[in-house]
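Only one structure is covered here, and it is reproduced in the block below.
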Amino acid sequence: MKIIVAIKQVPERDAQIRIDAAGKWIDESGLQYALNESDAYALEEALQLKEKHGGEVIVLTAGPERVGTTIREALAKGADRAIHIDCADLNKLDALGVARLLAAAVKPENPDLILTGLQSDDLGQGQTGVILAELLGLPHSSLILHVDKTGTGITVKRELEEGWFQLIELPTPAVLTIQSGGNKLRYATLMGIKRAKTKEVRVLPASDLAVDSVPVAVLERVSLPQKQKSTQMLPGSPKQAAAALVEKLKFEARVL
Amino acid sequence: MNGIWVVIEDRDGRVSRISWEAVAAGQKLAALAGQPANAIVLGAQTESLAAEVASKALAKVVRIEHPLLAAYTADGFTFALQQFFAAEKPDYVLFPHTYQVRDYAPKLATCLGQVLIGDVTAIGDGPLFTRQLMQGRLNGSYRHSGSGPCFISVQAGAFRAADVKPGAAAVTVFTPTIEPAQIRTRPSERFRGAAQTVDLGAAQRIIGVGRGIKDAANLPLVQELAAALDAELGASRPICDNGWLPMERQIGSSGQTIAPRLYIALGISGAIQHLVGIKGSQCVVAVNKDPGAPIFEAADYGIVGDLLEVVPALTEAVKAARQ
């Protein structure tokens with residue numbers, strides 16, 4: 001099975017968010033980045049499929065030079081090679097613009113399966129995989145926890161709302177967006193990290209892919225959310241705060 | 001000026017709550033844009049669903065009916081809506097932001113050269129559509145540009161179902177052309193996961209654990225607090241994904257919905273998927289080391305600090321107070 005895993009580098013979960021001077025995006029200076037969580041599960045599913053059925057796992061990502069660290073991490077975990085679409089201003093594109101870049105890079109590879117996380121932890125649009133499938137003319141399924149290869153294609157386990165699931169049969173090639181939690185994530189081994197240094201990373205300048213990049217959904221400005229509730233913050237040492245909280249719960253909220 | 005269309009989803013044959021919320025959003029947008037709001041129901045048999053929707057202040061309710069729409073497939077729903085919208089040329093199409101909509105609305109928008117503005121929490125003048133970024137730490141205001149229809153999906157709870165205005169709509173039927181071979185996926189009947197033995201929905205006091213616990217080895221700290229409070233233990237998704245607590249203890253849109261008198265969120269940042277699951281809680285306490293964590297927006301009481309230090313102090317204080 002030849003599997004492409006589309007991954008994204010996103011700001012680290014605990015990163016302090018500051019709005020940039022233009023109010024259009026966040027101030028990226030000093031931010032730490034990490035592999036998007038559901039993409040890590042997509043990579044894990046791909047690596048397990050390769051271990052069972054053989055083949056090749058290729059990671060694909062778009063972004064500026066800094067995404068190189070995330071590519072190396074994926075290669076160290078066991079991906080065979082990588083394609084890096086070099087794009088300095090990824091956040092000026094909408095989901096369709098990003099999917100067009102990815103589709104242009106995927107097409108010449110003719111993979112059997114394309115996996116990606118169900119959504120990114122920064123923009124949270126959850127659309128890239130579904131759009132990619134449509135651009136490539138392939139069937140897709142989203143929120144997938146498990147993939148089984150069959151004689152004619154694949155059977156996938158899809159998460160529905162409120163604890164329900166569903167099995168879906170699809171022919172391959174197909175695109176799947178992967179939900180977190182289907183597998184246990186592996187760590188890169190020392191040997192893996194060493195090997196990653198020698199693996200191929202092909203850099204494709206976004207301008208060479210000649211795709212339409214004028215956004216339809218335009219992010220006009222960003223702002224900090226307004227508080228919905230008046231929250232009483234309880235200051236002091238852990239002991240003082242805990243004592244104050246118990247007082248409040250007992251005599252004010254009356255829930256103890 | 002071809003109007004605003006709201007795509008309705010059913011739950012067990014009735015209009016789902018989030019679909020009524022989407023209708024409320026559609027009526028709001030109709031007032032802003034000075035255009036009529038309409039609704040669409042899709043399926044193999046849609047008569048009763050259409051009748052339910054037709055009692056609201058909508059110009060038209062269209063039943064898009066075809067035997068191949070009996071079970072949801074992304075291909076079937078996309079073909080059907082694409083044909084209808086090609087003829088109708090709407091200005092706005094609204095969806096409830098459900099797992100099903102996430103599966104096909106981006107595909108439908110792509111077919112028409114558009115991009116869905118998804119998970120919208122507010123509609124303002126312009127119109128500008130607000131959606132959350134960075135796991136709820138930031139809001140983004142989006143504008144639709146271009147000439148085709150503007151596709152929007154609205155977040156659960158962002159609009160009020162009670163705001164839907166009553167009225168009477170004309171009901172018509174649209175029959176799309178779909179061939180069996182055009183539907184490439186074959187879905188099974190839905191099924192439940194492992195038998196649920198924990199009913200967090202009925203618990204009066206619940207403690208939720210998140211990433212701030214850092215290690216499964218720290219869980220006994222929280223279990224002690226739960227014992228002192230006589231509370232059930234729940235968790236955010238990443239804790240269950242890691243296998244530190246069973247999936248049946250997960251709180252949020254993909255787990256259980258809770259409505260306790262007291263909910264204490266420990267080391268949970270408060271992504272929207274979690275927040276929708278705790279909306280019914282009477283009193284919410286949040287402990288988190290990040291003062292900017294969105295969980296504090298939903299909390300009545302907040303403590304900024306490391307839960308590994310706060311929880312033992314809290315356990316002691318609770319024990320003393322309950323003696």
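Here's how to read the names in the structure tokens: chain A, B, ... by the order shown, residue numbers from 1 in each chain, ligand numbers from 1 in the order shown.
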
Task: All strand (DSSP E) positions in region 44-150 of chain A, as a ChimeraX atom specification - done: /A:56-63,81-86,113-117,140-149

Output file for the selection above: C-alpha atoms, as a PDB file, in the first residue's frame:
ATOM      1  CA  GLU A  56       5.434   3.027   1.565  1.00  0.00           C
ATOM      2  CA  VAL A  57       4.434   5.927   3.850  1.00  0.00           C
ATOM      3  CA  ILE A  58       5.037   9.435   2.508  1.00  0.00           C
ATOM      4  CA  VAL A  59       4.404  12.494   4.661  1.00  0.00           C
ATOM      5  CA  LEU A  60       3.184  15.629   2.930  1.00  0.00           C
ATOM      6  CA  THR A  61       3.038  19.063   4.474  1.00  0.00           C
ATOM      7  CA  ALA A  62       2.763  22.700   3.459  1.00  0.00           C
ATOM      8  CA  GLY A  63       4.313  25.599   5.315  1.00  0.00           C
ATOM      9  CA  ARG A  81      10.118  10.008   2.719  1.00  0.00           C
ATOM     10  CA  ALA A  82       8.562  13.465   2.708  1.00  0.00           C
ATOM     11  CA  ILE A  83       7.237  16.154   0.406  1.00  0.00           C
ATOM     12  CA  HIS A  84       7.419  19.716   1.712  1.00  0.00           C
ATOM     13  CA  ILE A  85       5.354  22.313  -0.141  1.00  0.00           C
ATOM     14  CA  ASP A  86       7.312  25.443   0.679  1.00  0.00           C
ATOM     15  CA  LEU A 113      -4.658   5.863   0.421  1.00  0.00           C
ATOM     16  CA  ILE A 114      -4.401   9.428   1.680  1.00  0.00           C
ATOM     17  CA  LEU A 115      -4.769   9.984   5.424  1.00  0.00           C
ATOM     18  CA  THR A 116      -4.925  13.218   7.370  1.00  0.00           C
ATOM     19  CA  GLY A 117      -6.055  14.336  10.805  1.00  0.00           C
ATOM     20  CA  HIS A 140     -13.659   9.752   1.384  1.00  0.00           C
ATOM     21  CA  SER A 141     -14.781   9.135   4.902  1.00  0.00           C
ATOM     22  CA  SER A 142     -14.175  11.285   7.965  1.00  0.00           C
ATOM     23  CA  LEU A 143     -13.688  10.798  11.733  1.00  0.00           C
ATOM     24  CA  ILE A 144     -12.095   7.395  11.220  1.00  0.00           C
ATOM     25  CA  LEU A 145     -10.731   5.368  14.148  1.00  0.00           C
ATOM     26  CA  HIS A 146      -9.602   2.211  12.385  1.00  0.00           C
ATOM     27  CA  VAL A 147      -8.788   0.997   8.860  1.00  0.00           C
ATOM     28  CA  ASP A 148      -8.946  -2.628   7.612  1.00  0.00           C
ATOM     29  CA  LYS A 149      -7.741  -3.631   4.169  1.00  0.00           C
TER      30      LYS A 149
END

Open item on the list: Show me, as number ranges by chain, the residues that have an atom within 6 Å of region 54-68 of chain B when counting only C-alpha atoms, minus same-chain residues fewer than 5 positions from it.
Closed with: B: 37-44, 165-175

Per residue of chain A within 7 Å of chain B, what are the shortest atom pair and its distance in Å to one decimal, counting only C-alpha atoms, with rows by chain and residue number, as a tab-separated table?
residue	atom	partner	partner_atom	distance
A:Leu96	CA	B:Val115	CA	6.4
A:Asp121	CA	B:Met134	CA	6.1
A:Asp122	CA	B:Met134	CA	4.3
A:Leu123	CA	B:Leu133	CA	5.0
A:Gly124	CA	B:Leu133	CA	6.4
A:Gln125	CA	B:Gly118	CA	6.4
A:Gln127	CA	B:Pro106	CA	5.9
A:Val130	CA	B:Lys107	CA	6.0
A:Ile131	CA	B:Lys107	CA	5.4
A:Glu134	CA	B:Lys107	CA	5.9
A:Pro139	CA	B:Arg184	CA	6.3
A:Ser141	CA	B:Asp103	CA	7.0
A:Ser142	CA	B:Asp103	CA	5.9
A:Leu160	CA	B:Tyr99	CA	6.6
A:Glu161	CA	B:Ser254	CA	5.6
A:Glu162	CA	B:Ser254	CA	5.5
A:Gly163	CA	B:Gly255	CA	5.9
A:Trp164	CA	B:Arg192	CA	4.6
A:Phe165	CA	B:Phe191	CA	5.2
A:Gln166	CA	B:Arg190	CA	4.5
A:Leu167	CA	B:Ser188	CA	5.2
A:Ile168	CA	B:Pro187	CA	4.3
A:Glu169	CA	B:Arg186	CA	4.9
A:Leu170	CA	B:Thr185	CA	4.9
A:Ser180	CA	B:Asp241	CA	6.8
A:Gly181	CA	B:Asp241	CA	4.1
A:Lys184	CA	B:Asn242	CA	6.8
A:Val216	CA	B:Ser145	CA	4.9
A:Ala217	CA	B:His144	CA	4.9
A:Val218	CA	B:Arg143	CA	5.1
A:Leu219	CA	B:Tyr142	CA	4.5
A:Glu220	CA	B:Tyr142	CA	5.6
A:Arg221	CA	B:Ser141	CA	5.5
A:Val222	CA	B:Gly140	CA	4.4
A:Ser223	CA	B:Asn139	CA	5.2
A:Leu224	CA	B:Leu138	CA	5.0
A:Pro225	CA	B:Asn139	CA	5.8
A:Lys227	CA	B:Glu297	CA	5.2
A:Gln228	CA	B:Glu297	CA	5.9
A:Lys229	CA	B:Glu297	CA	6.1
A:Ser230	CA	B:Asp300	CA	6.7
A:Thr231	CA	B:Asp300	CA	4.6
A:Gln232	CA	B:Tyr301	CA	4.8
A:Met233	CA	B:Gly302	CA	4.6
A:Leu234	CA	B:Ile303	CA	5.4
A:Pro235	CA	B:Ile303	CA	6.7
A:Pro238	CA	B:Val310	CA	4.8
A:Lys239	CA	B:Ala313	CA	5.2
A:Ala241	CA	B:Ile303	CA	6.8
A:Ala242	CA	B:Leu314	CA	4.7
A:Ala243	CA	B:Ala317	CA	5.7
A:Val246	CA	B:Val318	CA	6.3
A:Val255	CA	B:Leu262	CA	6.3

Take the selection from the previous step and output its residues with N, CA and C atoms, as a short mmCIF file (atom, residue, chain, number, x, y, z; two decimals), in the first residue's frame.
data_model
loop_
_atom_site.label_atom_id
_atom_site.label_comp_id
_atom_site.auth_asym_id
_atom_site.auth_seq_id
_atom_site.Cartn_x
_atom_site.Cartn_y
_atom_site.Cartn_z
N LEU A 96 -9.73 25.61 0.83
CA LEU A 96 -9.69 25.17 -0.57
C LEU A 96 -8.30 25.45 -1.17
N ASP A 121 -5.39 21.91 15.07
CA ASP A 121 -5.61 22.51 16.38
C ASP A 121 -5.52 24.03 16.34
N ASP A 122 -5.06 24.62 15.22
CA ASP A 122 -4.99 26.08 15.15
C ASP A 122 -6.24 26.68 14.49
N LEU A 123 -6.52 26.31 13.23
CA LEU A 123 -7.70 26.88 12.57
C LEU A 123 -8.97 26.07 12.82
N GLY A 124 -8.80 24.78 13.07
CA GLY A 124 -9.94 23.93 13.43
C GLY A 124 -11.04 23.85 12.39
N GLN A 125 -10.71 23.95 11.12
CA GLN A 125 -11.76 23.95 10.10
C GLN A 125 -12.24 22.55 9.79
N GLN A 127 -11.66 20.57 7.27
CA GLN A 127 -12.17 20.45 5.90
C GLN A 127 -11.15 19.94 4.89
N VAL A 130 -11.49 16.39 3.31
CA VAL A 130 -12.72 16.20 2.52
C VAL A 130 -12.60 16.96 1.18
N ILE A 131 -12.06 18.17 1.23
CA ILE A 131 -11.90 18.96 0.00
C ILE A 131 -10.88 18.28 -0.92
N GLU A 134 -12.40 15.54 -2.92
CA GLU A 134 -13.23 16.05 -4.02
C GLU A 134 -12.36 16.54 -5.17
N PRO A 139 -13.34 8.90 -3.36
CA PRO A 139 -14.27 8.80 -2.23
C PRO A 139 -13.53 9.08 -0.93
N SER A 141 -13.97 9.25 3.70
CA SER A 141 -14.78 9.13 4.90
C SER A 141 -14.05 9.88 6.01
N SER A 142 -14.81 10.43 6.96
CA SER A 142 -14.18 11.29 7.97
C SER A 142 -14.38 10.71 9.37
N LEU A 160 -19.49 8.31 15.18
CA LEU A 160 -20.66 9.17 15.06
C LEU A 160 -20.81 9.90 16.39
N GLU A 161 -21.86 10.70 16.53
CA GLU A 161 -22.04 11.45 17.77
C GLU A 161 -22.57 10.55 18.88
N GLU A 162 -22.36 10.98 20.13
CA GLU A 162 -22.95 10.36 21.32
C GLU A 162 -22.63 8.88 21.48
N GLY A 163 -21.39 8.49 21.16
CA GLY A 163 -20.97 7.12 21.42
C GLY A 163 -21.39 6.08 20.40
N TRP A 164 -21.90 6.50 19.25
CA TRP A 164 -22.25 5.56 18.19
C TRP A 164 -21.11 5.46 17.18
N PHE A 165 -21.06 4.31 16.49
CA PHE A 165 -20.06 4.08 15.45
C PHE A 165 -20.74 3.48 14.23
N GLN A 166 -19.97 3.38 13.15
CA GLN A 166 -20.49 2.83 11.90
C GLN A 166 -19.31 2.27 11.12
N LEU A 167 -19.54 1.18 10.41
CA LEU A 167 -18.51 0.68 9.50
C LEU A 167 -18.85 1.16 8.09
N ILE A 168 -17.83 1.53 7.34
CA ILE A 168 -18.06 1.99 5.96
C ILE A 168 -17.07 1.28 5.04
N GLU A 169 -17.61 0.73 3.95
CA GLU A 169 -16.73 0.12 2.94
C GLU A 169 -16.47 1.14 1.85
N LEU A 170 -15.20 1.27 1.48
CA LEU A 170 -14.82 2.18 0.40
C LEU A 170 -13.88 1.47 -0.57
N SER A 180 -8.61 11.21 16.65
CA SER A 180 -7.59 10.81 17.63
C SER A 180 -8.11 9.67 18.49
N GLY A 181 -7.18 8.89 19.04
CA GLY A 181 -7.56 7.86 20.00
C GLY A 181 -7.72 6.46 19.45
N LYS A 184 -2.49 3.71 19.81
CA LYS A 184 -1.55 4.30 20.75
C LYS A 184 -0.40 4.87 19.93
N VAL A 216 -11.82 32.39 -0.78
CA VAL A 216 -13.26 32.65 -0.82
C VAL A 216 -13.75 33.00 0.59
N ALA A 217 -13.20 32.26 1.58
CA ALA A 217 -13.50 32.55 2.99
C ALA A 217 -12.34 33.39 3.52
N VAL A 218 -12.60 34.67 3.75
CA VAL A 218 -11.52 35.61 4.08
C VAL A 218 -11.54 35.91 5.58
N LEU A 219 -10.41 35.66 6.25
CA LEU A 219 -10.28 35.99 7.67
C LEU A 219 -9.99 37.49 7.78
N GLU A 220 -10.98 38.25 8.21
CA GLU A 220 -10.86 39.70 8.26
C GLU A 220 -10.06 40.18 9.45
N ARG A 221 -10.35 39.61 10.63
CA ARG A 221 -9.63 40.01 11.83
C ARG A 221 -9.78 38.94 12.90
N VAL A 222 -8.86 38.99 13.88
CA VAL A 222 -8.97 38.07 15.01
C VAL A 222 -9.11 38.90 16.29
N SER A 223 -9.73 38.30 17.29
CA SER A 223 -9.94 39.03 18.55
C SER A 223 -9.99 38.03 19.69
N LEU A 224 -9.80 38.53 20.92
CA LEU A 224 -9.90 37.64 22.08
C LEU A 224 -11.37 37.46 22.43
N PRO A 225 -11.77 36.25 22.83
CA PRO A 225 -13.18 36.01 23.12
C PRO A 225 -13.66 36.82 24.33
N LYS A 227 -15.84 37.17 27.73
CA LYS A 227 -16.27 36.24 28.78
C LYS A 227 -17.78 36.07 28.77
N GLN A 228 -18.24 34.82 28.86
CA GLN A 228 -19.68 34.52 28.87
C GLN A 228 -20.23 34.63 30.30
N LYS A 229 -19.40 34.28 31.26
CA LYS A 229 -19.84 34.19 32.64
C LYS A 229 -18.94 35.09 33.46
N SER A 230 -19.41 35.58 34.61
CA SER A 230 -18.48 36.29 35.49
C SER A 230 -17.82 35.26 36.40
N THR A 231 -16.55 35.04 36.14
CA THR A 231 -15.82 34.01 36.88
C THR A 231 -15.15 34.65 38.09
N GLN A 232 -15.36 34.07 39.25
CA GLN A 232 -14.64 34.53 40.45
C GLN A 232 -13.31 33.80 40.51
N MET A 233 -12.21 34.54 40.35
CA MET A 233 -10.90 33.91 40.45
C MET A 233 -10.48 33.92 41.91
N LEU A 234 -9.96 32.81 42.38
CA LEU A 234 -9.57 32.68 43.77
C LEU A 234 -8.04 32.66 43.87
N PRO A 235 -7.46 33.77 44.34
CA PRO A 235 -6.01 33.89 44.34
C PRO A 235 -5.37 33.24 45.58
N PRO A 238 -1.91 27.51 46.83
CA PRO A 238 -2.87 26.42 46.61
C PRO A 238 -3.75 26.19 47.84
N LYS A 239 -3.16 26.26 49.03
CA LYS A 239 -3.92 26.01 50.26
C LYS A 239 -4.98 27.09 50.49
N ALA A 241 -6.27 29.15 48.19
CA ALA A 241 -7.27 29.09 47.11
C ALA A 241 -8.24 27.95 47.36
N ALA A 242 -7.71 26.79 47.79
CA ALA A 242 -8.55 25.62 48.04
C ALA A 242 -9.54 25.91 49.17
N ALA A 243 -9.05 26.55 50.23
CA ALA A 243 -9.92 26.87 51.36
C ALA A 243 -11.01 27.85 50.94
N VAL A 246 -13.69 26.01 48.81
CA VAL A 246 -14.61 25.17 49.60
C VAL A 246 -15.64 26.05 50.31
N VAL A 255 -23.31 23.67 46.94
CA VAL A 255 -23.24 22.38 46.24
C VAL A 255 -22.42 21.35 47.01
#

TODO: Fewer than 6 positions away in the same chain doesn't count, so skip those; otherwise give me all residues within 10 Å of region 50-54 of chain A, counting only C-alpha atoms, as a PyMOL selection string.
DONE: chain A and resi 1-3+44+78-79+149

TODO: Give the alpha helix (DSSP H) residues of region 151-302 of chain B, as DSSP finds them on the backbone, and put them as a ChimeraX atom specification.
DONE: /B:219-229,237-241,272-278

With N, CA and C atoms retained, could you export that selection as an mmCIF file, in the first residue's frame?
data_model
loop_
_atom_site.group_PDB
_atom_site.id
_atom_site.type_symbol
_atom_site.label_atom_id
_atom_site.label_comp_id
_atom_site.auth_asym_id
_atom_site.auth_seq_id
_atom_site.Cartn_x
_atom_site.Cartn_y
_atom_site.Cartn_z
ATOM 1 N N LEU B 219 -3.077 10.064 38.712
ATOM 2 C CA LEU B 219 -4.535 9.926 38.828
ATOM 3 C C LEU B 219 -5.030 9.687 40.255
ATOM 4 N N PRO B 220 -4.280 8.924 41.108
ATOM 5 C CA PRO B 220 -4.777 8.704 42.476
ATOM 6 C C PRO B 220 -5.064 10.006 43.232
ATOM 7 N N LEU B 221 -4.303 11.073 42.940
ATOM 8 C CA LEU B 221 -4.565 12.372 43.571
ATOM 9 C C LEU B 221 -6.001 12.815 43.337
ATOM 10 N N VAL B 222 -6.429 12.656 42.072
ATOM 11 C CA VAL B 222 -7.759 13.093 41.676
ATOM 12 C C VAL B 222 -8.817 12.130 42.214
ATOM 13 N N GLN B 223 -8.468 10.840 42.228
ATOM 14 C CA GLN B 223 -9.416 9.846 42.753
ATOM 15 C C GLN B 223 -9.696 10.091 44.234
ATOM 16 N N GLU B 224 -8.682 10.558 44.955
ATOM 17 C CA GLU B 224 -8.880 10.878 46.379
ATOM 18 C C GLU B 224 -9.856 12.041 46.545
ATOM 19 N N LEU B 225 -9.691 13.055 45.698
ATOM 20 C CA LEU B 225 -10.606 14.196 45.759
ATOM 21 C C LEU B 225 -12.028 13.749 45.420
ATOM 22 N N ALA B 226 -12.139 12.870 44.398
ATOM 23 C CA ALA B 226 -13.460 12.365 44.001
ATOM 24 C C ALA B 226 -14.111 11.619 45.166
ATOM 25 N N ALA B 227 -13.308 10.832 45.870
ATOM 26 C CA ALA B 227 -13.843 10.073 47.008
ATOM 27 C C ALA B 227 -14.300 11.032 48.107
ATOM 28 N N ALA B 228 -13.498 12.074 48.371
ATOM 29 C CA ALA B 228 -13.834 13.033 49.425
ATOM 30 C C ALA B 228 -15.122 13.787 49.091
ATOM 31 N N LEU B 229 -15.335 14.040 47.797
ATOM 32 C CA LEU B 229 -16.500 14.804 47.359
ATOM 33 C C LEU B 229 -17.690 13.914 47.036
ATOM 34 N N ARG B 237 -11.117 14.255 26.259
ATOM 35 C CA ARG B 237 -10.782 13.225 25.268
ATOM 36 C C ARG B 237 -9.326 12.730 25.309
ATOM 37 N N PRO B 238 -8.320 13.638 25.389
ATOM 38 C CA PRO B 238 -6.933 13.152 25.323
ATOM 39 C C PRO B 238 -6.594 12.130 26.417
ATOM 40 N N ILE B 239 -7.226 12.259 27.593
ATOM 41 C CA ILE B 239 -6.952 11.324 28.686
ATOM 42 C C ILE B 239 -7.455 9.925 28.329
ATOM 43 N N CYS B 240 -8.627 9.870 27.688
ATOM 44 C CA CYS B 240 -9.180 8.576 27.261
ATOM 45 C C CYS B 240 -8.419 8.048 26.046
ATOM 46 N N ASP B 241 -8.019 8.957 25.135
ATOM 47 C CA ASP B 241 -7.212 8.544 23.978
ATOM 48 C C ASP B 241 -5.937 7.853 24.433
ATOM 49 N N ILE B 272 -13.895 23.496 22.599
ATOM 50 C CA ILE B 272 -15.344 23.543 22.430
ATOM 51 C C ILE B 272 -15.968 22.154 22.533
ATOM 52 N N GLN B 273 -15.237 21.118 22.053
ATOM 53 C CA GLN B 273 -15.777 19.761 22.104
ATOM 54 C C GLN B 273 -16.060 19.357 23.546
ATOM 55 N N HIS B 274 -15.267 19.871 24.474
ATOM 56 C CA HIS B 274 -15.506 19.573 25.891
ATOM 57 C C HIS B 274 -16.609 20.480 26.437
ATOM 58 N N LEU B 275 -16.548 21.758 26.093
ATOM 59 C CA LEU B 275 -17.499 22.721 26.660
ATOM 60 C C LEU B 275 -18.958 22.391 26.319
ATOM 61 N N VAL B 276 -19.204 21.850 25.113
ATOM 62 C CA VAL B 276 -20.594 21.538 24.774
ATOM 63 C C VAL B 276 -21.125 20.418 25.668
ATOM 64 N N GLY B 277 -20.223 19.590 26.178
ATOM 65 C CA GLY B 277 -20.655 18.476 27.014
ATOM 66 C C GLY B 277 -20.959 18.866 28.449
ATOM 67 N N ILE B 278 -20.500 20.063 28.887
ATOM 68 C CA ILE B 278 -20.668 20.441 30.298
ATOM 69 C C ILE B 278 -21.656 21.589 30.478
#

Open item on the list: One number please: CA of Ala74 (chain A) to CA of Glu45 (chain A), in Å, one decimal.
Closed with: 12.6 Å
